[in-house]
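**Q** So here's structure.txt (compact mmCIF, C-alpha atoms).
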# COMPACT_ATOMS: atom_id res chain seq x y z
CA MET V 171 127.64 -166.95 188.57
CA SER V 172 127.89 -164.44 185.73
CA PRO V 173 129.49 -161.03 186.30
CA ARG V 174 127.00 -158.43 187.39
CA ALA V 175 126.21 -155.57 185.04
CA ARG V 176 128.60 -152.67 185.39
CA ARG V 177 127.22 -149.83 187.46
CA SER V 178 128.09 -146.41 186.19
CA TYR V 179 127.90 -142.82 187.33
CA ASP V 180 127.02 -141.99 183.70
CA GLN V 181 129.21 -138.91 183.79
CA TYR V 182 131.59 -137.89 181.01
CA CYS V 183 134.51 -137.42 183.39
CA SER V 184 137.69 -139.50 183.66
CA ALA V 185 137.49 -139.60 187.47
CA ALA V 186 133.92 -140.91 187.27
CA ARG V 187 134.94 -143.51 184.67
CA ALA V 188 137.80 -144.62 186.92
CA LEU V 189 135.43 -144.99 189.86
CA ASP V 190 133.09 -147.01 187.64
CA ALA V 191 135.91 -149.57 187.41
CA VAL V 192 137.58 -149.44 190.84
CA GLY V 193 135.21 -147.56 193.12
CA ASP V 194 133.42 -150.60 194.53
CA ARG V 195 134.26 -151.67 198.09
CA TRP V 196 137.25 -154.09 198.21
CA THR V 197 138.42 -153.62 194.61
CA LEU V 198 141.46 -151.46 195.37
CA LEU V 199 142.39 -153.68 198.32
CA ILE V 200 142.35 -156.67 195.98
CA VAL V 201 144.70 -154.69 193.74
CA ARG V 202 146.94 -154.09 196.80
CA GLU V 203 147.15 -157.84 197.35
CA LEU V 204 147.77 -158.64 193.67
CA LEU V 205 150.67 -156.19 193.56
CA ALA V 206 152.51 -159.06 195.29
CA GLY V 207 152.15 -161.12 192.11
CA PRO V 208 149.88 -164.10 191.30
CA ARG V 209 147.66 -165.10 194.24
CA ARG V 210 145.30 -167.98 194.80
CA TYR V 211 141.71 -167.23 195.75
CA THR V 212 142.26 -168.76 199.20
CA ASP V 213 145.31 -166.54 199.78
CA LEU V 214 143.36 -163.45 198.79
CA HIS V 215 140.51 -164.38 201.11
CA ALA V 216 142.93 -164.99 204.01
CA ASP V 217 144.61 -161.59 203.56
CA LEU V 218 141.38 -159.63 203.12
CA PRO V 219 139.73 -160.22 206.52
CA GLY V 220 136.11 -159.12 206.48
CA VAL V 221 135.33 -159.83 202.83
CA SER V 222 132.73 -162.50 202.14
CA THR V 223 133.45 -165.26 199.65
CA ASP V 224 130.58 -164.07 197.44
CA VAL V 225 131.82 -160.48 197.34
CA LEU V 226 135.42 -161.50 196.66
CA ALA V 227 134.35 -163.78 193.81
CA SER V 228 132.15 -161.02 192.38
CA ARG V 229 134.90 -158.40 192.54
CA LEU V 230 137.41 -160.71 190.87
CA LYS V 231 134.96 -161.41 188.04
CA ASP V 232 134.41 -157.67 187.66
CA MET V 233 138.18 -157.09 187.52
CA GLU V 234 138.56 -159.77 184.86
CA ARG V 235 135.73 -158.23 182.83
CA ASP V 236 137.27 -154.76 183.10
CA GLY V 237 140.74 -155.92 182.09
CA LEU V 238 142.35 -155.28 185.47
CA ALA V 239 143.12 -158.91 186.36
CA THR V 240 143.39 -162.28 184.71
CA ARG V 241 143.06 -165.85 185.96
CA ARG V 242 145.31 -168.71 184.89
CA ARG V 243 146.16 -172.25 185.92
CA LEU V 244 149.59 -172.95 187.36
CA PRO V 245 151.40 -175.94 185.87
CA PRO V 246 152.07 -179.01 188.05
CA PRO V 247 153.04 -179.43 190.82
CA GLY V 248 151.22 -176.17 191.70
CA ALA V 249 148.10 -177.03 189.67
CA ALA V 250 146.06 -174.18 191.16
CA ASN V 251 144.18 -171.24 189.70
CA VAL V 252 145.77 -167.88 190.42
CA TYR V 253 144.75 -164.28 189.80
CA GLU V 254 147.20 -161.62 188.68
CA LEU V 255 147.10 -158.02 187.56
CA THR V 256 147.19 -157.06 183.91
CA GLY V 257 149.34 -154.15 182.79
CA ARG V 258 146.27 -151.95 183.15
CA GLY V 259 145.73 -153.20 186.69
CA HIS V 260 149.38 -152.64 187.59
CA GLU V 261 149.00 -149.00 186.55
CA LEU V 262 146.92 -148.56 189.71
CA LEU V 263 150.09 -148.70 191.86
CA PRO V 264 150.63 -144.91 191.85
CA VAL V 265 146.90 -144.45 192.52
CA LEU V 266 147.15 -146.65 195.61
CA GLN V 267 150.34 -144.90 196.68
CA ALA V 268 148.71 -141.48 196.36
CA LEU V 269 145.65 -142.72 198.25
CA GLY V 270 147.88 -144.19 200.95
CA ALA V 271 149.83 -140.95 201.31
CA TRP V 272 146.58 -139.01 201.61
CA GLY V 273 145.29 -141.52 204.15
CA GLU V 274 148.30 -141.23 206.47
CA ALA V 275 146.50 -138.55 208.46
CA GLU V 276 143.50 -140.86 208.84
CA LEU V 277 145.44 -143.88 210.11
CA GLY V 278 145.87 -142.97 213.77
CA GLU V 279 146.69 -145.61 216.36
CA ARG V 280 145.73 -149.20 215.70
CA ARG V 281 142.26 -150.03 217.03
CA PRO V 282 141.54 -153.29 218.89
CA THR V 283 139.38 -154.43 215.98
CA ASP V 284 142.00 -153.66 213.31
CA ALA V 285 143.51 -156.65 211.53
CA VAL V 286 147.11 -156.35 210.38
CA ARG V 287 149.35 -158.25 208.00
CA ALA V 288 153.08 -157.60 207.79
CA HIS V 289 152.98 -156.98 204.04
CA TRP V 290 150.41 -154.19 204.45
CA PHE V 291 153.40 -152.02 205.41
CA ALA V 292 155.01 -152.68 202.03
CA LEU V 293 153.51 -149.75 200.13
CA PRO V 294 154.27 -147.14 202.85
CA LEU V 295 157.88 -148.34 203.00
CA LEU V 296 158.15 -148.24 199.22
CA ARG V 297 157.08 -144.60 199.35
CA ALA V 298 159.87 -143.95 201.86
CA LEU V 299 162.62 -145.64 199.85
CA GLU V 300 164.71 -143.96 197.19
CA GLY V 301 166.62 -145.96 194.62
CA GLU V 302 166.24 -149.44 193.18
CA GLY V 303 166.83 -152.87 194.62
CA VAL V 304 165.44 -155.70 196.71
CA VAL V 305 164.76 -154.88 200.37
CA GLU V 306 163.86 -157.46 202.99
CA VAL V 307 161.86 -156.25 206.00
CA ARG V 308 161.68 -158.07 209.33
CA LEU V 309 158.81 -157.33 211.72
CA GLU V 310 157.31 -159.19 214.65
CA GLU V 311 154.35 -160.12 212.42
CA GLY V 312 156.61 -161.66 209.80
CA ARG V 313 158.93 -160.95 206.91
CA PHE V 314 158.29 -159.55 203.49
CA HIS V 315 160.42 -158.10 200.75
CA LEU V 316 160.10 -155.12 198.42
CA TYR V 317 161.22 -154.43 194.89
CA ALA V 318 162.07 -150.75 195.14
CA GLY V 319 161.86 -148.92 191.84
CA ALA V 320 160.04 -151.80 190.10
CA GLN V 321 158.35 -150.60 186.93
CA ASP V 322 156.32 -153.74 186.26
CA GLY V 323 155.74 -157.13 187.83
CA PRO V 324 155.40 -157.70 191.60
CA VAL V 325 156.39 -154.81 193.85
CA TYR V 326 156.51 -156.88 197.06
CA ASP V 327 155.96 -160.40 198.35
CA ASP V 328 155.68 -162.31 201.61
CA GLY V 329 158.64 -164.04 203.20
CA PRO V 330 162.40 -163.57 202.93
CA ALA V 331 163.87 -162.11 199.76
CA PRO V 332 164.97 -164.61 197.13
CA GLY V 333 168.74 -164.56 197.25
CA GLU V 334 170.76 -161.84 198.94
CA PRO V 335 168.76 -158.60 199.35
CA ASP V 336 170.32 -155.22 198.63
CA ALA V 337 169.23 -154.14 202.11
CA LEU V 338 167.74 -155.77 205.17
CA LEU V 339 165.61 -153.62 207.50
CA SER V 340 164.84 -154.85 211.02
CA LEU V 341 162.34 -152.77 212.98
CA ASP V 342 159.41 -153.07 215.33
CA THR V 343 155.81 -152.67 214.29
CA GLY V 344 155.44 -149.41 216.23
CA THR V 345 158.22 -147.80 214.19
CA CYS V 346 156.76 -149.14 210.95
CA ALA V 347 153.33 -147.79 211.92
CA ALA V 348 154.83 -144.36 212.70
CA ILE V 349 156.42 -144.30 209.24
CA SER V 350 153.08 -145.36 207.71
CA ARG V 351 151.30 -142.49 209.54
CA GLY V 352 153.84 -139.99 208.23
CA GLU V 353 154.99 -139.15 211.76
CA LEU V 354 158.52 -140.47 211.22
CA SER V 355 160.66 -140.60 208.12
CA LEU V 356 162.60 -143.74 207.35
CA THR V 357 165.81 -141.71 207.36
CA ASP V 358 165.13 -140.32 210.84
CA ALA V 359 164.19 -143.79 212.09
CA VAL V 360 167.54 -145.13 210.88
CA ARG V 361 169.42 -142.23 212.47
CA ALA V 362 167.60 -142.79 215.77
CA GLY V 363 168.53 -146.47 215.78
CA ARG V 364 164.92 -147.58 215.45
CA VAL V 365 165.67 -149.32 212.16
CA GLU V 366 168.67 -151.61 211.82
CA VAL V 367 170.04 -151.61 208.28
CA THR V 368 172.33 -154.39 207.07
CA GLY V 369 173.53 -155.36 203.62
CA ASP V 370 176.12 -154.26 201.11
CA GLY V 371 173.84 -152.98 198.35
CA SER V 372 173.54 -149.36 197.31
CA LEU V 373 170.18 -148.99 199.09
CA ALA V 374 171.66 -150.17 202.39
CA LYS V 375 174.65 -147.88 202.05
CA SER V 376 172.53 -144.85 201.17
CA LEU V 377 170.25 -145.43 204.17
CA ARG V 378 173.20 -145.72 206.54
CA GLU V 379 174.87 -142.62 205.14
CA MET V 380 171.86 -140.30 205.22
What would the structure in this file look like if it were written as structure tokens?

**A**
Amino acid sequence: MSPRARRSYDQYCSAARALDAVGDRWTLLIVRELLAGPRRYTDLHADLPGVSTDVLASRLKDMERDGLATRRRLPPPGAANVYELTGRGHELLPVLQALGAWGEAELGERRPTDAVRAHWFALPLLRALEGEGVVEVRLEEGRFHLYAGAQDGPVYDDGPAPGEPDALLSLDTGTCAAISRGELSLTDAVRAGRVEVTGDGSLAKSLREM
């Protein structure tokens, strides 16, 4: 299946040009998933509930065409095709963060039909963290880790942190959701005992001392 022709607003405006590239449904959510680093097609499909296989394949081809993502083959024993962001694609991180901050007021309580993945809380928590370092987060839904202050490369990933994290945050999903909605700051959640902070890194110490 060849990539479809690019649709355009045909407006000489940088916002319109940006939307030409990333304004299609699912594109920015694919970027959110690829901010975790290289992902297989099956992993992307599993973590984007609701997207059809045809649409996902089409969006990935569009992203390759537009220089936002690339596809490569992992060497053995992995021997699988993975997709990853280019430098241009990674530049969408602050765009997603700004969109997420704007959308806090729209989040509300979780609906019965809403899917959730633990790592979807990664970007809101990154917005709440100050400083640099590796932070592991433990929720009922699972664990993930963040690379606070990362300038390039993955900004989060599933599972425990590789090695000893600079900080370990243990909290319930309700607290994490309240932080994501902008109703509760991470600092206030730590002070109230709703987030347990362990670790000897500078991030852990700064969170405990605030």

**Q** Using only C-alpha atoms, find the one residue out of V:Gly259, V:Pro264, V:Pro294, V:Gly312 that sits nearest to Leu230 (chain V).

**A**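 Using only C-alpha atoms, Leu230 (chain V) sits closest to V:Gly259.
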
**Q** Residues within 12 Å of region 269-282 of chain V, please, as a list of chain:residue names. Count all atoms listed in the file; anything in the same chain fewer than 6 positions from it doesn't count.

**A**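 Neighbouring residues, sequence-local ones excluded: V:Leu198, V:Leu199, V:Arg202, V:Leu262, V:Leu263, V:Trp290, V:Phe291, V:Ala292, V:Leu293, V:Pro294, V:Leu295, V:Leu296, V:Arg297, V:Ala298, V:Thr343, V:Gly344, V:Thr345, V:Cys346, V:Ala347, V:Ala348, V:Ile349, V:Ser350, V:Arg351, V:Gly352, V:Glu353, V:Leu354.
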
**Q** Find the residues with any atom within 12 Å of (175.2, -157.5, 204.1); use all atoms listed in the file and the coordinates as given in the file, and write the answer as a PyMOL selection string.

**A** chain V and resi 305-306+333-339+366-375

**Q** Export, as a PDB file, in the frame of the given file, the selected residues with C-alpha atoms.

**A**
ATOM      1  CA  VAL V 305     164.760-154.880 200.370  1.00  0.00           C
ATOM      2  CA  GLU V 306     163.860-157.460 202.990  1.00  0.00           C
ATOM      3  CA  GLY V 333     168.740-164.560 197.250  1.00  0.00           C
ATOM      4  CA  GLU V 334     170.760-161.840 198.940  1.00  0.00           C
ATOM      5  CA  PRO V 335     168.760-158.600 199.350  1.00  0.00           C
ATOM      6  CA  ASP V 336     170.320-155.220 198.630  1.00  0.00           C
ATOM      7  CA  ALA V 337     169.230-154.140 202.110  1.00  0.00           C
ATOM      8  CA  LEU V 338     167.740-155.770 205.170  1.00  0.00           C
ATOM      9  CA  LEU V 339     165.610-153.620 207.500  1.00  0.00           C
ATOM     10  CA  GLU V 366     168.670-151.610 211.820  1.00  0.00           C
ATOM     11  CA  VAL V 367     170.040-151.610 208.280  1.00  0.00           C
ATOM     12  CA  THR V 368     172.330-154.390 207.070  1.00  0.00           C
ATOM     13  CA  GLY V 369     173.530-155.360 203.620  1.00  0.00           C
ATOM     14  CA  ASP V 370     176.120-154.260 201.110  1.00  0.00           C
ATOM     15  CA  GLY V 371     173.840-152.980 198.350  1.00  0.00           C
ATOM     16  CA  SER V 372     173.540-149.360 197.310  1.00  0.00           C
ATOM     17  CA  LEU V 373     170.180-148.990 199.090  1.00  0.00           C
ATOM     18  CA  ALA V 374     171.660-150.170 202.390  1.00  0.00           C
ATOM     19  CA  LYS V 375     174.650-147.880 202.050  1.00  0.00           C
TER      20      LYS V 375
END

**Q** What does the distance between CA of Ala359 (chain V) and CA of Ser340 (chain V) come to in Å, to one decimal place?

**A** 11.1 Å

**Q** Just give me the gap between CA of Ser178 (chain V) and CA of Leu218 (chain V) in Å, one decimal is fine.

**A**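 About the pair CA of Ser178 (chain V) and CA of Leu218 (chain V): they are 25.3 Å apart.
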
**Q** Find the distance between CA of Asp194 (chain V) and CA of Thr283 (chain V) and write it in Å to one decimal.

**A**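 About the pair CA of Asp194 (chain V) and CA of Thr283 (chain V): they are 22.6 Å apart.
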